[in-house]
>>> print(open('run.csv').read())   # CSV, C-alpha atoms and all ligand atoms
chain,number,residue,atom,x,y,z
J,55,MET,CA,-393.0,-46.0,142.4
J,56,GLU,CA,-394.4,-46.6,145.9
J,57,TYR,CA,-391.9,-48.4,148.1
J,58,LYS,CA,-392.8,-51.8,149.5
J,59,ALA,CA,-390.3,-53.3,151.8
J,60,ASP,CA,-388.9,-56.8,151.1
J,61,GLU,CA,-391.2,-59.1,153.0
J,62,HIS,CA,-388.3,-61.5,153.8
J,63,ARG,CA,-386.2,-58.7,155.3
J,64,TYR,CA,-386.3,-60.1,158.9
J,65,GLU,CA,-385.1,-63.5,157.8
J,66,LYS,CA,-381.9,-61.9,156.5
J,67,MET,CA,-380.7,-60.1,159.6
J,68,GLU,CA,-379.6,-61.0,163.1
J,69,TYR,CA,-381.0,-58.9,166.0
J,70,ARG,CA,-379.0,-58.3,169.2
J,71,ARG,CA,-380.2,-57.0,172.5
J,72,ALA,CA,-378.9,-53.5,173.4
J,73,GLY,CA,-377.3,-54.5,176.6
J,74,LYS,CA,-379.8,-55.9,179.1
J,75,SER,CA,-382.6,-53.8,177.7
J,76,GLY,CA,-385.6,-55.1,175.8
J,77,LEU,CA,-384.6,-53.3,172.6
J,78,LEU,CA,-383.2,-55.4,169.8
J,79,LEU,CA,-381.0,-53.7,167.3
J,80,SER,CA,-380.1,-55.0,163.9
J,81,LYS,CA,-376.5,-56.3,164.1
J,82,LEU,CA,-375.7,-53.6,161.6
J,83,SER,CA,-376.9,-50.0,161.9
J,84,PHE,CA,-376.7,-47.5,159.1
J,85,GLY,CA,-375.3,-44.0,159.8
J,86,LEU,CA,-376.1,-40.8,158.0
J,87,TRP,CA,-373.0,-38.8,159.0
J,88,HIS,CA,-371.6,-38.5,155.4
J,89,ASN,CA,-373.4,-38.3,152.0
J,90,PHE,CA,-376.7,-37.1,153.4
J,91,GLY,CA,-376.0,-33.4,153.4
J,92,LYS,CA,-377.7,-30.7,151.3
J,93,ASN,CA,-375.5,-31.3,148.3
J,94,GLY,CA,-375.9,-35.0,148.4
J,95,ASP,CA,-377.9,-36.9,145.7
J,96,PHE,CA,-381.4,-37.5,147.2
J,97,GLU,CA,-382.1,-40.5,145.1
J,98,ASN,CA,-378.8,-42.1,146.2
J,99,MET,CA,-379.7,-41.5,149.9
J,100,ARG,CA,-383.1,-42.9,149.4
J,101,GLU,CA,-381.8,-46.0,147.6
J,102,MET,CA,-379.3,-46.6,150.5
J,103,CYS,CA,-382.0,-46.4,153.1
J,104,ARG,CA,-384.2,-48.8,151.1
J,105,ALA,CA,-381.3,-51.2,150.5
J,106,ALA,CA,-380.6,-51.2,154.3
J,107,PHE,CA,-384.2,-51.8,155.4
J,108,ASP,CA,-384.8,-54.4,152.7
J,109,ARG,CA,-382.0,-56.4,154.2
J,110,GLY,CA,-383.3,-56.1,157.8
J,111,VAL,CA,-381.4,-53.1,159.0
J,112,THR,CA,-383.9,-51.4,161.3
J,113,SER,CA,-381.5,-49.1,163.1
J,114,PHE,CA,-380.7,-45.6,161.6
J,115,ASP,CA,-378.2,-43.3,163.2
J,116,LEU,CA,-378.3,-39.5,163.0
J,117,ALA,CA,-377.1,-36.5,164.9
J,118,ASN,CA,-378.2,-32.9,165.0
J,119,ASN,CA,-375.2,-31.6,163.1
J,120,TYR,CA,-374.8,-34.2,160.4
J,121,GLY,CA,-374.7,-32.6,157.0
J,122,PRO,CA,-373.2,-30.3,155.9
J,123,PRO,CA,-374.8,-27.9,156.7
J,124,TYR,CA,-375.7,-28.9,160.2
J,125,GLY,CA,-379.3,-30.3,160.4
J,126,SER,CA,-379.5,-31.2,156.7
J,127,ALA,CA,-379.0,-35.0,157.2
J,128,GLU,CA,-382.0,-35.0,159.5
J,129,GLU,CA,-384.0,-32.9,157.0
J,130,ASN,CA,-383.1,-35.4,154.3
J,131,TYR,CA,-384.0,-38.3,156.5
J,132,GLY,CA,-387.4,-36.6,157.1
J,133,ARG,CA,-387.9,-36.5,153.4
J,134,ILE,CA,-386.9,-40.1,153.0
J,135,LEU,CA,-389.4,-41.0,155.8
J,136,ASP,CA,-392.1,-39.0,153.9
J,137,ALA,CA,-391.2,-40.7,150.6
J,138,ASP,CA,-390.9,-44.3,151.8
J,139,PHE,CA,-390.8,-45.1,155.5
J,140,ARG,CA,-393.7,-43.4,157.4
J,141,PRO,CA,-395.8,-46.6,157.2
J,142,TYR,CA,-392.9,-48.5,158.7
J,143,ARG,CA,-392.2,-46.1,161.6
J,144,ASP,CA,-392.9,-48.8,164.3
J,145,GLU,CA,-390.3,-51.0,162.6
J,146,LEU,CA,-387.5,-48.5,162.8
J,147,VAL,CA,-385.1,-47.5,165.6
J,148,ILE,CA,-384.2,-43.9,164.8
J,149,ALA,CA,-381.4,-42.3,166.9
J,150,THR,CA,-380.2,-38.8,167.1
J,151,LYS,CA,-377.7,-37.0,169.3
J,152,ALA,CA,-376.6,-33.6,170.6
J,153,GLY,CA,-373.3,-32.7,172.2
J,154,TYR,CA,-371.1,-31.2,169.5
J,155,ASP,CA,-371.2,-27.7,168.0
J,156,MET,CA,-374.7,-27.0,166.5
J,157,TRP,CA,-375.7,-23.3,166.7
J,158,PRO,CA,-373.9,-20.1,167.7
J,159,GLY,CA,-373.7,-18.8,171.3
J,160,PRO,CA,-373.4,-20.6,174.6
J,161,TYR,CA,-376.5,-22.9,174.3
J,162,GLY,CA,-375.7,-24.8,171.1
J,163,ASN,CA,-372.9,-27.1,172.3
J,164,TRP,CA,-371.8,-29.6,175.0
J,165,GLY,CA,-374.1,-31.0,177.6
J,166,SER,CA,-376.4,-28.5,179.3
J,167,ARG,CA,-380.1,-29.2,179.9
J,168,LYS,CA,-380.8,-26.0,177.9
J,169,TYR,CA,-378.9,-27.4,174.8
J,170,LEU,CA,-380.1,-31.0,174.9
J,171,THR,CA,-383.7,-30.1,175.3
J,172,ALA,CA,-383.8,-27.5,172.5
J,173,SER,CA,-381.7,-29.6,170.2
J,174,LEU,CA,-384.0,-32.6,170.4
J,175,ASP,CA,-387.0,-30.4,169.7
J,176,GLN,CA,-385.2,-29.1,166.6
J,177,SER,CA,-384.3,-32.6,165.5
J,178,LEU,CA,-387.9,-33.8,165.8
J,179,ARG,CA,-389.0,-30.9,163.7
J,180,ARG,CA,-386.5,-31.6,161.0
J,181,MET,CA,-387.4,-35.2,160.8
J,182,LYS,CA,-391.1,-34.5,161.4
J,183,LEU,CA,-391.2,-37.1,164.1
J,184,GLU,CA,-393.0,-37.2,167.4
J,185,TYR,CA,-390.2,-39.1,169.1
J,186,VAL,CA,-386.9,-40.7,168.5
J,187,ASP,CA,-386.1,-44.2,169.7
J,188,ILE,CA,-382.7,-43.4,171.1
J,189,PHE,CA,-381.4,-39.9,172.1
J,190,TYR,CA,-377.7,-39.7,172.8
J,191,HIS,CA,-375.5,-37.3,174.6
J,192,HIS,CA,-372.8,-37.1,171.9
J,193,ARG,CA,-369.7,-36.5,174.0
J,194,MET,CA,-368.4,-36.1,177.5
J,195,ASP,CA,-368.6,-32.5,178.8
J,196,PRO,CA,-365.9,-31.7,181.3
J,197,GLU,CA,-367.7,-28.5,182.5
J,198,THR,CA,-371.4,-29.2,182.8
J,199,PRO,CA,-372.1,-31.3,185.9
J,200,LEU,CA,-372.7,-34.8,184.6
J,201,GLU,CA,-375.8,-35.0,186.8
J,202,GLU,CA,-377.4,-32.1,184.9
J,203,THR,CA,-376.9,-33.8,181.5
J,204,LEU,CA,-378.2,-37.1,182.9
J,205,GLU,CA,-381.3,-35.5,184.5
J,206,ALA,CA,-382.0,-33.8,181.1
J,207,LEU,CA,-381.8,-37.2,179.3
J,208,ALA,CA,-384.1,-38.8,181.9
J,209,ASP,CA,-386.6,-35.9,181.6
J,210,ILE,CA,-386.5,-36.2,177.8
J,211,VAL,CA,-387.4,-39.8,178.0
J,212,ARG,CA,-390.1,-39.1,180.6
J,213,SER,CA,-391.5,-36.5,178.2
J,214,GLY,CA,-391.9,-39.2,175.5
J,215,LYS,CA,-389.7,-37.4,173.0
J,216,ALA,CA,-387.2,-40.3,173.2
J,217,LEU,CA,-387.8,-43.9,174.2
J,218,TYR,CA,-384.3,-44.7,175.4
J,219,ALA,CA,-381.2,-42.7,176.4
J,220,GLY,CA,-377.7,-43.3,175.2
J,221,VAL,CA,-374.3,-41.8,175.5
J,222,SER,CA,-371.5,-41.6,172.9
J,223,ASN,CA,-367.8,-41.2,173.3
J,224,TYR,CA,-368.0,-41.7,177.1
J,225,ASN,CA,-365.0,-43.4,178.7
J,226,GLY,CA,-365.2,-46.1,181.4
J,227,ASP,CA,-365.5,-43.7,184.3
J,228,TYR,CA,-368.2,-41.6,182.8
J,229,THR,CA,-370.1,-44.7,181.6
J,230,VAL,CA,-370.2,-46.2,185.1
J,231,LYS,CA,-371.3,-42.9,186.7
J,232,ALA,CA,-374.0,-42.4,184.0
J,233,ALA,CA,-375.3,-45.9,184.4
J,234,LYS,CA,-375.5,-45.7,188.2
J,235,TYR,CA,-377.2,-42.3,188.2
J,236,LEU,CA,-379.7,-43.1,185.5
J,237,ARG,CA,-380.6,-46.4,187.2
J,238,LYS,CA,-381.6,-44.4,190.2
J,239,LEU,CA,-383.8,-42.2,188.0
J,240,HIS,CA,-385.4,-45.3,186.4
J,241,CYS,CA,-384.3,-44.1,183.0
J,242,PRO,CA,-383.8,-46.7,180.3
J,243,PHE,CA,-380.2,-46.0,179.5
J,244,ILE,CA,-379.1,-48.7,177.1
J,245,VAL,CA,-376.0,-48.0,175.0
J,246,ASN,CA,-372.6,-46.3,174.7
J,247,GLN,CA,-371.8,-45.5,171.0
J,248,ARG,CA,-368.0,-45.6,170.6
J,249,ARG,CA,-365.5,-45.7,167.7
J,250,TYR,CA,-364.3,-49.3,167.5
J,251,SER,CA,-362.4,-51.1,164.8
J,252,LEU,CA,-359.2,-53.0,164.1
J,253,LEU,CA,-357.6,-49.6,163.9
J,254,ASP,CA,-359.1,-48.1,167.0
J,255,ARG,CA,-359.2,-50.3,170.1
J,256,LYS,CA,-359.2,-47.5,172.7
J,257,ILE,CA,-362.5,-48.7,174.1
J,258,GLU,CA,-360.7,-51.8,175.3
J,259,ARG,CA,-358.1,-49.7,177.2
J,260,ASP,CA,-360.1,-46.8,178.7
J,261,GLY,CA,-362.5,-49.0,180.7
J,262,ALA,CA,-365.6,-48.3,178.5
J,263,LYS,CA,-365.9,-51.8,177.2
J,264,ASP,CA,-365.7,-53.4,180.7
J,265,ALA,CA,-368.0,-50.7,182.0
J,266,CYS,CA,-370.7,-51.5,179.4
J,267,ARG,CA,-370.5,-55.2,180.2
J,268,GLU,CA,-370.7,-54.7,183.9
J,269,GLN,CA,-373.5,-52.1,183.7
J,270,GLY,CA,-375.6,-54.1,181.2
J,271,LEU,CA,-375.2,-51.6,178.4
J,272,GLY,CA,-374.8,-52.4,174.7
J,273,ILE,CA,-371.9,-51.1,172.6
J,274,VAL,CA,-372.7,-49.5,169.3
J,275,ALA,CA,-369.4,-49.6,167.3
J,276,PHE,CA,-369.0,-46.7,164.9
J,277,SER,CA,-366.6,-46.3,162.0
J,278,PRO,CA,-366.0,-50.0,161.9
J,279,LEU,CA,-364.1,-49.7,158.6
J,280,ALA,CA,-362.1,-46.7,159.9
J,281,GLN,CA,-364.0,-44.5,157.5
J,282,GLY,CA,-363.0,-46.7,154.6
J,283,ILE,CA,-359.3,-47.4,155.4
J,284,LEU,CA,-360.2,-50.9,156.4
J,285,THR,CA,-361.6,-51.7,152.9
J,286,GLY,CA,-358.0,-51.4,151.7
J,287,LYS,CA,-358.9,-48.7,149.2
J,288,TYR,CA,-356.1,-46.4,150.3
J,289,ILE,CA,-353.2,-48.9,150.2
J,290,ASP,CA,-352.1,-47.8,146.7
J,291,GLY,CA,-353.0,-44.1,147.1
J,292,ILE,CA,-356.1,-41.9,147.4
J,293,PRO,CA,-358.9,-42.7,145.0
J,294,GLY,CA,-360.6,-39.6,143.6
J,295,ASP,CA,-364.0,-40.6,144.7
J,296,SER,CA,-363.0,-41.5,148.3
J,297,ARG,CA,-363.9,-39.7,151.6
J,298,ILE,CA,-360.3,-38.4,151.9
J,299,ALA,CA,-360.5,-36.9,148.4
J,300,LYS,CA,-364.1,-35.6,148.7
J,301,ASP,CA,-364.3,-34.4,152.2
J,302,GLY,CA,-361.1,-33.9,154.2
J,303,ARG,CA,-362.8,-32.6,157.3
J,304,TYR,CA,-362.6,-35.8,159.3
J,305,LEU,CA,-360.2,-38.1,157.4
J,306,HIS,CA,-356.7,-36.9,156.2
J,307,PRO,CA,-354.2,-38.5,153.9
J,308,MET,CA,-351.9,-39.0,156.9
J,309,ASP,CA,-354.5,-41.2,158.6
J,310,ALA,CA,-354.3,-43.6,155.7
J,311,GLU,CA,-350.6,-43.2,155.3
J,312,SER,CA,-349.7,-43.9,158.9
J,313,ARG,CA,-351.8,-47.1,158.9
J,314,ARG,CA,-350.8,-48.4,155.5
J,315,GLU,CA,-348.4,-51.1,156.8
J,316,SER,CA,-350.9,-52.5,159.3
J,317,VAL,CA,-353.7,-52.5,156.7
J,318,THR,CA,-351.5,-54.3,154.2
J,319,ARG,CA,-350.7,-57.0,156.8
J,320,LEU,CA,-354.4,-57.3,157.7
J,321,LYS,CA,-355.3,-57.6,154.1
J,322,LYS,CA,-352.8,-60.4,153.7
J,323,ILE,CA,-354.7,-62.3,156.5
J,324,ALA,CA,-358.0,-61.7,154.6
J,325,ASP,CA,-356.5,-62.8,151.3
J,326,ASP,CA,-355.1,-66.0,152.9
J,327,MET,CA,-358.5,-66.7,154.3
J,328,GLY,CA,-360.1,-66.2,150.9
J,329,THR,CA,-362.1,-63.2,152.1
J,330,THR,CA,-362.0,-59.4,152.0
J,331,LEU,CA,-360.5,-57.0,154.4
J,332,SER,CA,-363.9,-55.3,155.0
J,333,ALA,CA,-365.5,-58.7,155.8
J,334,LEU,CA,-362.6,-59.4,158.2
J,335,ALA,CA,-363.0,-56.0,159.9
J,336,LEU,CA,-366.8,-56.2,160.3
J,337,SER,CA,-366.8,-59.9,161.4
J,338,TRP,CA,-364.0,-59.2,163.9
J,339,LEU,CA,-366.4,-56.7,165.7
J,340,LEU,CA,-369.4,-58.9,165.4
J,341,ARG,CA,-367.8,-61.9,166.9
J,342,ASP,CA,-367.8,-59.9,170.2
J,343,PRO,CA,-371.0,-60.4,172.2
J,344,ALA,CA,-370.5,-57.0,173.9
J,345,VAL,CA,-371.2,-55.3,170.6
J,346,SER,CA,-374.9,-54.8,170.1
J,347,SER,CA,-374.6,-53.2,166.7
J,348,VAL,CA,-371.9,-52.3,164.2
J,349,LEU,CA,-372.7,-48.9,162.8
J,350,ILE,CA,-371.6,-48.6,159.1
J,351,GLY,CA,-371.6,-45.7,156.6
J,352,ALA,CA,-371.7,-45.9,152.8
J,353,SER,CA,-371.5,-43.7,149.8
J,354,ASN,CA,-373.7,-45.7,147.6
J,355,PRO,CA,-376.0,-48.8,147.7
J,356,ALA,CA,-373.4,-51.2,146.3
J,357,GLN,CA,-371.0,-50.5,149.2
J,358,LEU,CA,-373.8,-50.9,151.7
J,359,ILE,CA,-375.2,-54.1,150.2
J,360,GLY,CA,-371.6,-55.6,150.0
J,361,ASN,CA,-370.9,-54.8,153.6
J,362,ILE,CA,-374.2,-56.2,154.9
J,363,GLU,CA,-373.5,-59.4,153.0
J,364,ASP,CA,-369.9,-59.6,154.3
J,365,ALA,CA,-370.6,-58.8,157.9
J,366,GLY,CA,-370.2,-61.9,160.1
J,367,SER,CA,-369.1,-64.1,157.2
J,368,VAL,CA,-365.7,-64.8,158.6
J,369,GLU,CA,-364.9,-67.5,161.3
J,370,PHE,CA,-361.8,-66.8,163.3
J,371,THR,CA,-359.3,-69.3,164.6
J,372,ASP,CA,-357.2,-68.6,167.7
J,373,ASP,CA,-354.1,-68.3,165.6
J,374,VAL,CA,-355.7,-65.6,163.3
J,375,LEU,CA,-357.0,-63.7,166.3
J,376,GLU,CA,-353.5,-63.7,167.8
J,377,GLU,CA,-352.0,-62.5,164.6
J,378,ILE,CA,-354.6,-59.7,164.4
J,379,ASP,CA,-353.8,-58.7,168.0
J,380,ARG,CA,-350.1,-58.5,167.1
J,381,ILE,CA,-350.8,-56.1,164.2
J,382,THR,CA,-353.5,-54.0,165.9
J,383,ALA,CA,-352.1,-53.8,169.5
J,384,GLU,CA,-350.8,-50.3,169.0
J,385,TYR,CA,-354.2,-49.0,168.2
V,401,LIG,N1,-370.9,-40.9,167.8
V,401,LIG,C1,-370.0,-40.4,167.1
V,401,LIG,O1,-369.2,-39.5,167.6
V,401,LIG,C2,-369.8,-40.8,165.7
V,401,LIG,C3,-368.7,-40.4,165.0
V,401,LIG,C4,-368.5,-40.8,163.7
V,401,LIG,C5,-369.5,-41.7,163.1
V,401,LIG,N2,-370.6,-42.0,163.8
V,401,LIG,C6,-371.7,-42.8,163.2
V,401,LIG,O2,-371.1,-44.0,162.6
V,401,LIG,C7,-371.5,-44.0,161.2
V,401,LIG,C8,-370.6,-44.7,160.4
V,401,LIG,O3,-369.3,-44.0,160.4
V,401,LIG,P1,-368.4,-44.1,159.1
V,401,LIG,O4,-369.1,-43.6,157.9
V,401,LIG,O5,-367.1,-43.5,159.5
V,401,LIG,O6,-368.2,-45.7,159.0
V,401,LIG,P2,-367.3,-46.7,158.1
V,401,LIG,O7,-368.2,-47.8,157.8
V,401,LIG,O8,-366.1,-47.0,158.9
V,401,LIG,O9,-366.9,-45.9,156.8
V,401,LIG,C9,-367.9,-45.7,155.8
V,401,LIG,C10,-367.1,-45.2,154.5
V,401,LIG,O10,-366.2,-46.2,154.1
V,401,LIG,C11,-366.2,-46.2,152.7
V,401,LIG,N3,-366.6,-47.6,152.3
V,401,LIG,C12,-367.5,-48.4,152.9
V,401,LIG,N4,-367.6,-49.5,152.3
V,401,LIG,C13,-366.8,-49.5,151.2
V,401,LIG,C14,-366.6,-50.4,150.1
V,401,LIG,N5,-367.2,-51.6,150.1
V,401,LIG,N6,-365.7,-50.0,149.2
V,401,LIG,C15,-365.1,-48.8,149.3
V,401,LIG,N7,-365.3,-47.9,150.2
V,401,LIG,C16,-366.2,-48.2,151.2
V,401,LIG,C17,-367.1,-45.2,152.2
V,401,LIG,O11,-366.5,-43.9,152.0
V,401,LIG,P3,-366.0,-43.3,150.6
V,401,LIG,O12,-366.7,-44.1,149.5
V,401,LIG,O13,-366.5,-41.9,150.7
V,401,LIG,O14,-364.5,-43.4,150.6
V,401,LIG,C18,-368.1,-45.1,153.4
V,401,LIG,O15,-368.8,-43.9,153.4
V,401,LIG,C19,-371.8,-42.6,160.9
V,401,LIG,O16,-372.7,-42.4,159.8
V,401,LIG,C20,-372.4,-42.1,162.1
V,401,LIG,O17,-373.8,-42.4,162.2
V,401,LIG,C21,-370.7,-41.6,165.1
>>> encode(input="run.csv", output="structure tokens")
Amino acid sequence: MEYKADEHRYEKMEYRRAGKSGLLLSKLSFGLWHNFGKNGDFENMREMCRAAFDRGVTSFDLANNYGPPYGSAEENYGRILDADFRPYRDELVIATKAGYDMWPGPYGNWGSRKYLTASLDQSLRRMKLEYVDIFYHHRMDPETPLEETLEALADIVRSGKALYAGVSNYNGDYTVKAAKYLRKLHCPFIVNQRRYSLLDRKIERDGAKDACREQGLGIVAFSPLAQGILTGKYIDGIPGDSRIAKDGRYLHPMDAESRRESVTRLKKIADDMGTTLSALALSWLLRDPAVSSVLIGASNPAQLIGNIEDAGSVEFTDDVLEEIDRITAEY
């Protein structure tokens, strides 16, 4: 049946400015890192994208190598656009990235002009798009001169193949350098996408959060539920249908095991407040004005809908925030 988006979708979502730019992002973005590969269930993928957009999520996050195999998440997203979303293209913020391993040889990884330019062309072909809204350099490259990477991002934006530039996984020092350099090039550089959750607060220590605030950049916080650990689902073991059981590439039993005690204590706070651990974790990020968007993943529409409904539902007292700080300080 032809898809018609919920006409009340924009009443259901808050939109936040990406730093000091003109671009508003839905406070939740939906990421296609997992569950959008070649062997995923296409109807499930499609339902998740519909569920997100119907609830006001306009921001969709991809990368060249999301799959598996590499490229297949972008291909599937192109099919979803064909099926449902081409008429809504101007209502979507579609992001992709390059910076990690993508194709063999010296030109399919890291941060050279050669790699970034070719990779975005490939991404556009896979998604059958003329442009993406945000093109990210996916990680710091210690060997390519940063200036080369940044000039490539600026030229890509000038070419019209991306509207805005972003970086991901950049520390404070790289973020400041990138912001200053891209400002000189009049390139609209608007976001740093970083892992940020109750179980990973490194961004607060390595200068990136302060750098984003000072340089007028937004933070897009990825893996806000620590890939599912902050739902509490691993407290009593490893469920058979979970990410750890299904796909151990990026999340290991040890990750859940080593955080079990902290997660149990955080869940107790949530229980005492009459809410869920996921709601606590997502709301904790969203209470922070430096965070422009919280970038969630999901395996099925029910998870996604639950998390959209939960996000921002929790009010924090100073006492609760202090208790959370005590538990999560080590992360
Ligand atoms: N820039 C980067 O380097 C980078 C790196 C990583 C991710 N990202 C982006 O961030 C996005 C989100 O990352 P993420 O998927 O790790 O985010 P996440 O929101 O922390 O984890 C999502 C996973 O948690 C589990 N989950 C979520 N809600 C649940 C619920 N209500 N009940 C039970 N389980 C639930 C599901 O996994 P299971 O059901 O399979 O257990 C789901 O796939 C990615 O798609 C990607 O776009 C970017």
>>> closest_residue(input="run.csv", among="J:Ser316, J:Gln269, J:Asn163, J:Gln281", to="ligand LIG 401 (chain V)", atoms="all atoms listed in the file")
J:Gln281
>>> closest_residue(input="run.csv", among="J:Ser222, J:Trp164, J:Gly214, J:Tyr250", to="Pro199 of chain J", atoms="all atoms listed in the file")
J:Trp164
>>> atom_distance(input="run.csv", atom1="atom CA of Leu320 of chain J", atom2="atom C21 of ligand LIG 401 (chain V)")
23.8 Å
>>> residues_near_ligand(input="run.csv", ligand="ligand LIG 401 (chain V)", cutoff="7 Å", atoms="all atoms listed in the file", output="PyMOL selection string")
chain J and resi 84-88+115-116+192+222-223+247-249+276-282+285+287+295-298+332+349-353+357-358+360-361
>>> closest_residue(input="run.csv", among="J:Thr371, J:Ser166, J:Thr150, J:Thr382", to="Arg180 of chain J", atoms="all atoms listed in the file")
J:Thr150
>>> residues_around(input="run.csv", residues="Ile378 of chain J", least_positions_apart="2", cutoff="9 Å", atoms="only C-alpha atoms", output="PDB file with C-alpha atoms, keeping the file's coordinate frame")
ATOM      1  CA  LEU J 252    -359.200 -53.000 164.100  1.00  0.00           C
ATOM      2  CA  ARG J 319    -350.700 -57.000 156.800  1.00  0.00           C
ATOM      3  CA  LEU J 320    -354.400 -57.300 157.700  1.00  0.00           C
ATOM      4  CA  ILE J 323    -354.700 -62.300 156.500  1.00  0.00           C
ATOM      5  CA  ASP J 373    -354.100 -68.300 165.600  1.00  0.00           C
ATOM      6  CA  VAL J 374    -355.700 -65.600 163.300  1.00  0.00           C
ATOM      7  CA  LEU J 375    -357.000 -63.700 166.300  1.00  0.00           C
ATOM      8  CA  GLU J 376    -353.500 -63.700 167.800  1.00  0.00           C
ATOM      9  CA  ARG J 380    -350.100 -58.500 167.100  1.00  0.00           C
ATOM     10  CA  ILE J 381    -350.800 -56.100 164.200  1.00  0.00           C
ATOM     11  CA  THR J 382    -353.500 -54.000 165.900  1.00  0.00           C
ATOM     12  CA  ALA J 383    -352.100 -53.800 169.500  1.00  0.00           C
TER      13      ALA J 383
END
>>> atom_distance(input="run.csv", atom1="atom CA of Ser83 of chain J", atom2="atom CA of Val348 of chain J")
6.0 Å
>>> residues_around(input="run.csv", residues="Ile188 of chain J", least_positions_apart="3", cutoff="7 Å", atoms="only C-alpha atoms", output="PyMOL selection string")
chain J and resi 148-150+216-220
>>> atom_distance(input="run.csv", atom1="atom CA of Ser251 of chain J", atom2="atom CA of Ala232 of chain J")
24.1 Å
>>> residues_near_point(input="run.csv", point="(-392.1, -37.6, 173.1)", cutoff="10 Å", atoms="all atoms listed in the file", output="ChimeraX atom specification")
/J:174-175,178,183-187,210-217
>>> write_last_selection(input="run.csv", atoms="C-alpha atoms", output="short mmCIF file (atom, residue, chain, number, x, y, z; two decimals), in the coordinates of the input")
data_model
loop_
_atom_site.label_atom_id
_atom_site.label_comp_id
_atom_site.auth_asym_id
_atom_site.auth_seq_id
_atom_site.Cartn_x
_atom_site.Cartn_y
_atom_site.Cartn_z
CA LEU J 174 -384.00 -32.60 170.40
CA ASP J 175 -387.00 -30.40 169.70
CA LEU J 178 -387.90 -33.80 165.80
CA LEU J 183 -391.20 -37.10 164.10
CA GLU J 184 -393.00 -37.20 167.40
CA TYR J 185 -390.20 -39.10 169.10
CA VAL J 186 -386.90 -40.70 168.50
CA ASP J 187 -386.10 -44.20 169.70
CA ILE J 210 -386.50 -36.20 177.80
CA VAL J 211 -387.40 -39.80 178.00
CA ARG J 212 -390.10 -39.10 180.60
CA SER J 213 -391.50 -36.50 178.20
CA GLY J 214 -391.90 -39.20 175.50
CA LYS J 215 -389.70 -37.40 173.00
CA ALA J 216 -387.20 -40.30 173.20
CA LEU J 217 -387.80 -43.90 174.20
#
>>> closest_residue(input="run.csv", among="J:Ser312, J:Asp301, J:Asp264, J:Leu82", to="Ser337 of chain J", atoms="only C-alpha atoms")
J:Leu82
>>> residues_around(input="run.csv", residues="segment 64-79 of chain J", least_positions_apart="3", cutoff="9 Å", atoms="all atoms listed in the file", output="PyMOL selection string")
chain J and resi 60-61+82-83+108-113+147+242-245+266-267+269-274+343-347+362
>>> closest_residue(input="run.csv", among="J:Leu170, J:Tyr190, J:Tyr124, J:Leu339", to="Trp157 of chain J", atoms="all atoms listed in the file")
J:Tyr124
>>> residues_around(input="run.csv", residues="Leu204 of chain J", least_positions_apart="4", cutoff="8 Å", atoms="all atoms listed in the file", output="number ranges by chain")
J: 200, 208, 232, 235-236
>>> write_last_selection(input="run.csv", atoms="C-alpha atoms", output="compact mmCIF listing (two decimals), in the coordinates of the input")
# COMPACT_ATOMS: atom_id res chain seq x y z
CA LEU J 200 -372.70 -34.80 184.60
CA ALA J 208 -384.10 -38.80 181.90
CA ALA J 232 -374.00 -42.40 184.00
CA TYR J 235 -377.20 -42.30 188.20
CA LEU J 236 -379.70 -43.10 185.50
>>> closest_residue(input="run.csv", among="J:Ala275, J:Gly286, J:Thr203, J:Pro307", to="Lys321 of chain J", atoms="all atoms listed in the file")
J:Gly286
>>> residues_near_point(input="run.csv", point="(-369.2, -49.2, 186.7)", cutoff="8 Å", atoms="all atoms listed in the file", output="VMD selection string")
chain J and resid 226 to 227 229 to 231 233 to 234 265 to 266 268 to 269
>>> build_atoms(input="run.csv", residues="segment 104-111 of chain J", atoms="N, CA and C atoms", output="short mmCIF file (atom, residue, chain, number, x, y, z; two decimals), keeping the file's coordinate frame")
data_model
loop_
_atom_site.label_atom_id
_atom_site.label_comp_id
_atom_site.auth_asym_id
_atom_site.auth_seq_id
_atom_site.Cartn_x
_atom_site.Cartn_y
_atom_site.Cartn_z
N ARG J 104 -383.42 -47.65 151.52
CA ARG J 104 -384.20 -48.80 151.10
C ARG J 104 -383.40 -50.09 151.10
N ALA J 105 -382.16 -49.99 150.58
CA ALA J 105 -381.30 -51.20 150.50
C ALA J 105 -381.05 -51.72 151.94
N ALA J 106 -380.86 -50.82 152.87
CA ALA J 106 -380.60 -51.20 154.30
C ALA J 106 -381.86 -51.92 154.84
N PHE J 107 -382.99 -51.25 154.74
CA PHE J 107 -384.20 -51.80 155.40
C PHE J 107 -384.64 -53.09 154.70
N ASP J 108 -384.48 -53.18 153.40
CA ASP J 108 -384.80 -54.40 152.70
C ASP J 108 -384.01 -55.61 153.13
N ARG J 109 -382.85 -55.31 153.73
CA ARG J 109 -382.00 -56.40 154.20
C ARG J 109 -382.04 -56.53 155.73
N GLY J 110 -383.05 -55.93 156.32
CA GLY J 110 -383.30 -56.10 157.80
C GLY J 110 -382.65 -55.13 158.68
N VAL J 111 -381.96 -54.13 158.11
CA VAL J 111 -381.40 -53.10 159.00
C VAL J 111 -382.56 -52.20 159.45
#
